[in-house]
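Take a look at the structure set out below.
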Amino acid sequence: MGDFAKGLEGVTAAETNMSFIDGQEGRLEYVGIGIDDLAEHSTFEETVFLLWNNRLPTASELSDFRKELSKRYALPAGLARRVAEIPTTAQPMHMLRTLVSEMSLYDTHPNDNDVEQARRKAMNILGQAPTIVAMFDRCRRGLPVIEPDPSLGFSANFLYMLNGEKPTETMARAFDICMITHADHGLNNSTFAARVVISTLSDVYSAITAAIGSLRGPLHGGANEGVMHMLNEIPSVDDAEAYIMGKLERREKIMGFGHRVYKAKDPRATYLMTLAEQLAKDTGNADLYAKSHKIEQVMEREVAAKGIYPNVDFYSATTYHCIGLRLDLFTPMFAMSRIGGWSGHVIEQLSDNRLFRPAAAYVGPHDAPYVPIDQR
Ligand code: CMC
């Protein structure tokens, strides 16, 4: 029992070159570069290159990377048919998890795990996941499917496939910033799930499928949808304080707050707050931002002393809403971005693998008699 760390808190279970988190100071770096710097200057494609190669690309490397990715936007015909057949009532995270798993059926070498093959599979998943999400959303709304446009970057192409018209530069950039800020985050639950699965030398599709299953939980990536439900439940900014106080009195968790690692404000929340404020103003959603801001103020007064601050999910909800995304697509957005991080971790794990196999402290009885069924 001595070594038992519930929830593996404080346990270092892997080495990574990808992201560094200082939870006390509220700092996040990808390969040493501050998240604010990346959000300000980088693109999602460049950020994924950085995570997968541990360095920034040259101009020609970035251009090749973009080409490699955009070549994969289109789905194999069989997979596209499957997306169209998914029940329109299905939840998008269940749909995405299932379809990523199905991608392995179209890979002629699904089990090859050398680094080159792992990168190829990761590129497939990264390129096709947005197409799957956009296609499913249009099918369930009874709208014609929009084929991907390989001349567009990752974010602009996704919004184009979703809405049927090219996004403004501001919207595409705002979405790209969301993708950059969600791309990697140390050994979070879904990343750990991906590393655990690949450590058996299973395959990249299985690892990413497991990660998507983990991400959808409300304590993890599902929290961004929880935040939006909460904002929808609060009629106006004047009701926000009473709503939050009621929840705290009932000892209910406030979605979008708290973090296992951060005991200061999550730097991604700081960045997304500014973005959300601007977008909310521009899109006529100022009241939504005002509610969020009020909630943050109440939480600061009530629980900041316990180290509970806004996390990445809090302001990403307002941001996604202002970009025009339907609520149940928020967590799939997180997944589309984090596929970059998960894949990088899978490659790191494969490069220096050892099977994950922790121990459990047995707390049950010993020497118990086997009682025949008719005597129980
Ligand atoms: N609202 C109110 N109280 C909270 C919250 C919250 N959001 N988060 C933690 N606490 C309290 C909790 O009730 C507990 O209090 P006490 O010691 O009095 O029982 C204390 O803080 C410690 O909480 P914990 O749940 O044991 O801490 P953890 O490190 O296991 O939890 C967490 C981390 C993210 C699961 C938790 O903060 C939480 O449930 N937050 C809400 C869900 C959320 O926003 N998740 C997204 C996380 S960040 C992005 C991601 O990873 O996807």
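Residues in the structure tokens are numbered from 1 in each chain, the chains being A, B, ... in the order shown, and ligands are numbered from 1 in the order shown.
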
So which bits of range 61-309 of chain A end up alpha helix (DSSP H) when you DSSP the backbone, as an NGL selection string? :A and (61-70 or 77-85 or 92-103 or 115-140 or 154-163 or 169-182 or 189-198 or 204-215 or 223-233 or 237-249 or 267-282 or 286-303)

Would you write out, as a tab-separated table, a table of all residues in chain A that have an atom no more than 8 Å from an atom of ligand 1, listing for each the closest atom pair and the distance in Å to one decimal, considering only C-alpha atoms and all ligand atoms and ordering rows by chain and rising residue number?
```
residue	atom	partner	partner_atom_place_in_ligand_line	distance
A:Gly7	CA	ligand 1	30 (O)	7.0
A:Glu9	CA	ligand 1	29 (O)	7.5
A:Asn188	CA	ligand 1	51 (O)	6.3
A:Asn189	CA	ligand 1	51 (O)	7.2
A:Leu215	CA	ligand 1	52 (O)	6.7
A:Pro218	CA	ligand 1	42 (C)	6.0
A:Leu219	CA	ligand 1	45 (N)	4.1
A:His220	CA	ligand 1	52 (O)	3.3
A:Gly221	CA	ligand 1	52 (O)	3.6
A:Gly222	CA	ligand 1	52 (O)	6.9
A:Ala223	CA	ligand 1	43 (C)	4.9
A:Asn224	CA	ligand 1	44 (O)	7.3
A:Val227	CA	ligand 1	44 (O)	7.9
A:Leu248	CA	ligand 1	2 (C)	6.4
A:Arg251	CA	ligand 1	13 (O)	6.6
A:Glu252	CA	ligand 1	2 (C)	6.1
A:Lys253	CA	ligand 1	1 (N)	3.5
A:Ile254	CA	ligand 1	1 (N)	3.9
A:Met255	CA	ligand 1	44 (O)	4.2
A:Gly256	CA	ligand 1	44 (O)	3.4
A:Phe257	CA	ligand 1	7 (N)	4.0
A:Gly258	CA	ligand 1	37 (O)	3.3
A:His259	CA	ligand 1	34 (C)	4.0
A:Arg260	CA	ligand 1	29 (O)	3.5
A:Val261	CA	ligand 1	29 (O)	7.1
A:Val303	CA	ligand 1	3 (N)	7.4
A:Lys306	CA	ligand 1	21 (O)	6.8
A:Gly307	CA	ligand 1	21 (O)	7.8
A:Ile308	CA	ligand 1	8 (N)	6.1
A:Pro310	CA	ligand 1	44 (O)	7.7
A:Asn311	CA	ligand 1	48 (S)	5.1
A:Val312	CA	ligand 1	49 (C)	5.6
A:Asp313	CA	ligand 1	49 (C)	5.7
A:Phe314	CA	ligand 1	44 (O)	7.1
```

Step one, run DSSP on the backbone; step two, keep only residues of range 10-226 of chain A assigned to strand (DSSP E or B); then write them as a VMD selection string. chain A and resid 19 to 22 27 to 30 33 to 34 185 187

Report as JSON lines the residues of range 107-153 of chain A within 12 Å of range 325-333 of chain A, each with its shortest atom pair and distance in Å (one decimal), using only C-alpha atoms, ordered by chain and increasing residue number.
```
{"residue": "A:Leu126", "atom": "CA", "partner": "A:Met333", "partner_atom": "CA", "distance": 11.8}
{"residue": "A:Ala129", "atom": "CA", "partner": "A:Pro332", "partner_atom": "CA", "distance": 9.0}
{"residue": "A:Pro130", "atom": "CA", "partner": "A:Met333", "partner_atom": "CA", "distance": 8.4}
{"residue": "A:Thr131", "atom": "CA", "partner": "A:Pro332", "partner_atom": "CA", "distance": 11.7}
{"residue": "A:Ile132", "atom": "CA", "partner": "A:Pro332", "partner_atom": "CA", "distance": 10.3}
{"residue": "A:Val133", "atom": "CA", "partner": "A:Pro332", "partner_atom": "CA", "distance": 7.5}
{"residue": "A:Ala134", "atom": "CA", "partner": "A:Leu329", "partner_atom": "CA", "distance": 9.4}
{"residue": "A:Phe136", "atom": "CA", "partner": "A:Leu329", "partner_atom": "CA", "distance": 10.5}
{"residue": "A:Asp137", "atom": "CA", "partner": "A:Leu329", "partner_atom": "CA", "distance": 8.5}
{"residue": "A:Arg138", "atom": "CA", "partner": "A:Arg326", "partner_atom": "CA", "distance": 11.4}
{"residue": "A:Arg141", "atom": "CA", "partner": "A:Arg326", "partner_atom": "CA", "distance": 11.2}
```

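Considering only C-alpha atoms, the residue among A:Pro92, A:Gly10, A:Gly340, A:Pro235 positioned nearest to Lys291 in chain A is A:Pro235.
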
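Put simply, CA of Ile295 in chain A is 25.5 Å away from CA of Met171 in chain A.
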
Determine, counting only C-alpha atoms, which protein, DNA and RNA residues have an atom within 9 Å of an atom of Pro150 in chain A; residues of the same chain fewer than 5 positions away are not included. Present the result as a count of residues only. 8

Determine the nearest neighbour of Arg119 in chain A from the options A:Glu147, A:Glu45, A:Glu68, A:Glu241, counting only C-alpha atoms.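 For Arg119 in chain A, the nearest of the candidates is A:Glu68.
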
Residue contacts of Ala359 in chain A (12 Å, only C-alpha atoms) excluding same-chain residues fewer than 4 positions away, as a VMD selection string: chain A and resid 1 3 to 5 8

Find the residues around Ser19 in chain A up to 12 Å (only C-alpha atoms counted), leave out those fewer than 3 positions away in its own chain, and share them as an mmCIF file with N, CA and C atoms, in the first residue's frame.
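Produced file part-v2.cif, reproduced below:
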```cif
data_model
loop_
_atom_site.group_PDB
_atom_site.id
_atom_site.type_symbol
_atom_site.label_atom_id
_atom_site.label_comp_id
_atom_site.auth_asym_id
_atom_site.auth_seq_id
_atom_site.Cartn_x
_atom_site.Cartn_y
_atom_site.Cartn_z
ATOM 1 N N GLU A 15 9.133 9.652 -20.285
ATOM 2 C CA GLU A 15 9.931 10.829 -20.650
ATOM 3 C C GLU A 15 9.366 11.394 -21.944
ATOM 4 N N THR A 16 9.402 12.700 -22.071
ATOM 5 C CA THR A 16 8.931 13.303 -23.324
ATOM 6 C C THR A 16 9.781 14.513 -23.686
ATOM 7 N N ASP A 22 4.830 23.911 -16.140
ATOM 8 C CA ASP A 22 5.132 24.356 -14.781
ATOM 9 C C ASP A 22 3.793 24.747 -14.155
ATOM 10 N N ARG A 27 2.940 27.780 -16.629
ATOM 11 C CA ARG A 27 3.705 27.906 -17.872
ATOM 12 C C ARG A 27 3.612 26.606 -18.677
ATOM 13 N N LEU A 28 3.461 26.751 -19.994
ATOM 14 C CA LEU A 28 3.430 25.592 -20.895
ATOM 15 C C LEU A 28 4.324 25.890 -22.098
ATOM 16 N N GLU A 29 5.199 24.930 -22.397
ATOM 17 C CA GLU A 29 6.065 25.067 -23.589
ATOM 18 C C GLU A 29 5.934 23.812 -24.438
ATOM 19 N N TYR A 30 5.960 23.988 -25.758
ATOM 20 C CA TYR A 30 6.134 22.845 -26.653
ATOM 21 C C TYR A 30 7.588 22.897 -27.132
ATOM 22 N N VAL A 31 8.338 21.846 -26.828
ATOM 23 C CA VAL A 31 9.758 21.778 -27.202
ATOM 24 C C VAL A 31 10.461 23.102 -26.837
ATOM 25 N N GLY A 32 10.164 23.598 -25.682
ATOM 26 C CA GLY A 32 10.864 24.773 -25.158
ATOM 27 C C GLY A 32 10.263 26.107 -25.570
ATOM 28 N N ILE A 33 9.329 26.108 -26.508
ATOM 29 C CA ILE A 33 8.750 27.379 -26.979
ATOM 30 C C ILE A 33 7.444 27.649 -26.224
ATOM 31 N N GLY A 34 7.320 28.845 -25.681
ATOM 32 C CA GLY A 34 6.137 29.197 -24.888
ATOM 33 C C GLY A 34 4.864 29.098 -25.718
ATOM 34 N N ILE A 35 3.774 28.650 -25.075
ATOM 35 C CA ILE A 35 2.510 28.448 -25.811
ATOM 36 C C ILE A 35 1.988 29.767 -26.378
ATOM 37 N N THR A 47 3.078 23.524 -35.711
ATOM 38 C CA THR A 47 3.143 23.042 -34.325
ATOM 39 C C THR A 47 3.242 21.521 -34.282
ATOM 40 N N VAL A 48 2.468 20.841 -35.139
ATOM 41 C CA VAL A 48 2.540 19.377 -35.147
ATOM 42 C C VAL A 48 3.923 18.927 -35.637
ATOM 43 N N LEU A 50 6.646 20.502 -35.197
ATOM 44 C CA LEU A 50 7.510 20.746 -34.030
ATOM 45 C C LEU A 50 7.408 19.594 -33.029
ATOM 46 N N LEU A 51 6.182 19.175 -32.746
ATOM 47 C CA LEU A 51 5.989 18.111 -31.757
ATOM 48 C C LEU A 51 6.554 16.775 -32.248
ATOM 49 N N TRP A 52 6.409 16.515 -33.535
ATOM 50 C CA TRP A 52 6.846 15.215 -34.060
ATOM 51 C C TRP A 52 8.355 15.172 -34.327
ATOM 52 N N ASN A 54 10.636 17.618 -32.833
ATOM 53 C CA ASN A 54 11.356 18.341 -31.772
ATOM 54 C C ASN A 54 12.168 19.521 -32.284
ATOM 55 N N THR A 181 -3.287 25.449 -29.274
ATOM 56 C CA THR A 181 -3.251 25.423 -27.806
ATOM 57 C C THR A 181 -3.693 24.067 -27.224
ATOM 58 N N HIS A 182 -4.410 23.263 -28.017
ATOM 59 C CA HIS A 182 -4.867 21.968 -27.499
ATOM 60 C C HIS A 182 -3.959 20.802 -27.930
ATOM 61 N N ALA A 183 -2.903 21.077 -28.676
ATOM 62 C CA ALA A 183 -2.204 19.986 -29.369
ATOM 63 C C ALA A 183 -1.478 18.998 -28.456
ATOM 64 N N ASP A 184 -0.926 19.481 -27.354
ATOM 65 C CA ASP A 184 -0.204 18.537 -26.486
ATOM 66 C C ASP A 184 -0.210 19.054 -25.061
ATOM 67 N N HIS A 185 -0.135 18.132 -24.100
ATOM 68 C CA HIS A 185 -0.142 18.577 -22.713
ATOM 69 C C HIS A 185 0.367 17.499 -21.780
ATOM 70 N N GLY A 186 1.657 17.173 -21.928
ATOM 71 C CA GLY A 186 2.274 16.209 -21.018
ATOM 72 C C GLY A 186 1.530 14.885 -20.992
ATOM 73 N N LEU A 187 1.619 14.214 -19.835
ATOM 74 C CA LEU A 187 1.039 12.868 -19.754
ATOM 75 C C LEU A 187 -0.376 12.938 -19.175
ATOM 76 N N ASN A 188 -1.236 13.676 -19.900
ATOM 77 C CA ASN A 188 -2.642 13.744 -19.494
ATOM 78 C C ASN A 188 -3.295 12.378 -19.711
ATOM 79 N N THR A 191 -3.441 10.924 -23.332
ATOM 80 C CA THR A 191 -2.096 10.660 -23.853
ATOM 81 C C THR A 191 -1.518 9.422 -23.184
ATOM 82 N N GLY A 341 -0.693 15.596 -30.721
ATOM 83 C CA GLY A 341 0.068 15.255 -29.509
ATOM 84 C C GLY A 341 0.096 13.758 -29.249
ATOM 85 N N TRP A 342 -1.063 13.114 -29.329
ATOM 86 C CA TRP A 342 -1.111 11.664 -29.078
ATOM 87 C C TRP A 342 -0.142 10.928 -30.002
ATOM 88 N N GLY A 344 2.517 12.035 -31.524
ATOM 89 C CA GLY A 344 3.907 12.288 -31.136
ATOM 90 C C GLY A 344 4.306 11.410 -29.962
ATOM 91 N N HIS A 345 3.406 11.253 -29.010
ATOM 92 C CA HIS A 345 3.711 10.412 -27.845
ATOM 93 C C HIS A 345 3.811 8.939 -28.226
#
```

Among listed residues A:Thr43, A:Gln297, A:Ser190, A:Thr270, nearest Ala240 in chain A (using only C-alpha atoms): A:Gln297

Check the smallest atom-to-atom distance from each of A:Val197, A:Ala39, A:Ala242, A:Ala286 to Arg173 in chain A using only C-alpha atoms, then report the winner. A:Ala39

Can you tell me which residues surround Glu25 in chain A at a distance of at most 10 Å, considering only C-alpha atoms, apart from same-chain residues fewer than 3 positions away, and format the answer as a list in words?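 In the requested format, the answer is Ile21, Asp22, Leu28, Tyr262, Lys263, Ala264, Lys265, Asp266 and Pro267 of chain A.
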
Non-local contacts of Asp238 in chain A (12 Å; only C-alpha atoms; under 6 positions in same chain excluded) as a PyMOL selection string: chain A and resi 244+287-288+290-295

Requested write-out: C-alpha atoms of the selected residues, as a PDB file, in the first residue's frame:
```pdb
ATOM      1  CA  ILE A 244     -22.083  29.177  -9.069  1.00  0.00           C
ATOM      2  CA  ASP A 287     -23.259  38.309 -22.980  1.00  0.00           C
ATOM      3  CA  LEU A 288     -21.722  34.832 -23.175  1.00  0.00           C
ATOM      4  CA  ALA A 290     -19.676  38.403 -19.700  1.00  0.00           C
ATOM      5  CA  LYS A 291     -21.162  35.308 -18.016  1.00  0.00           C
ATOM      6  CA  SER A 292     -17.833  33.474 -18.305  1.00  0.00           C
ATOM      7  CA  HIS A 293     -15.960  36.419 -16.890  1.00  0.00           C
ATOM      8  CA  LYS A 294     -18.364  36.694 -13.960  1.00  0.00           C
ATOM      9  CA  ILE A 295     -17.988  32.984 -13.209  1.00  0.00           C
TER      10      ILE A 295
END
```
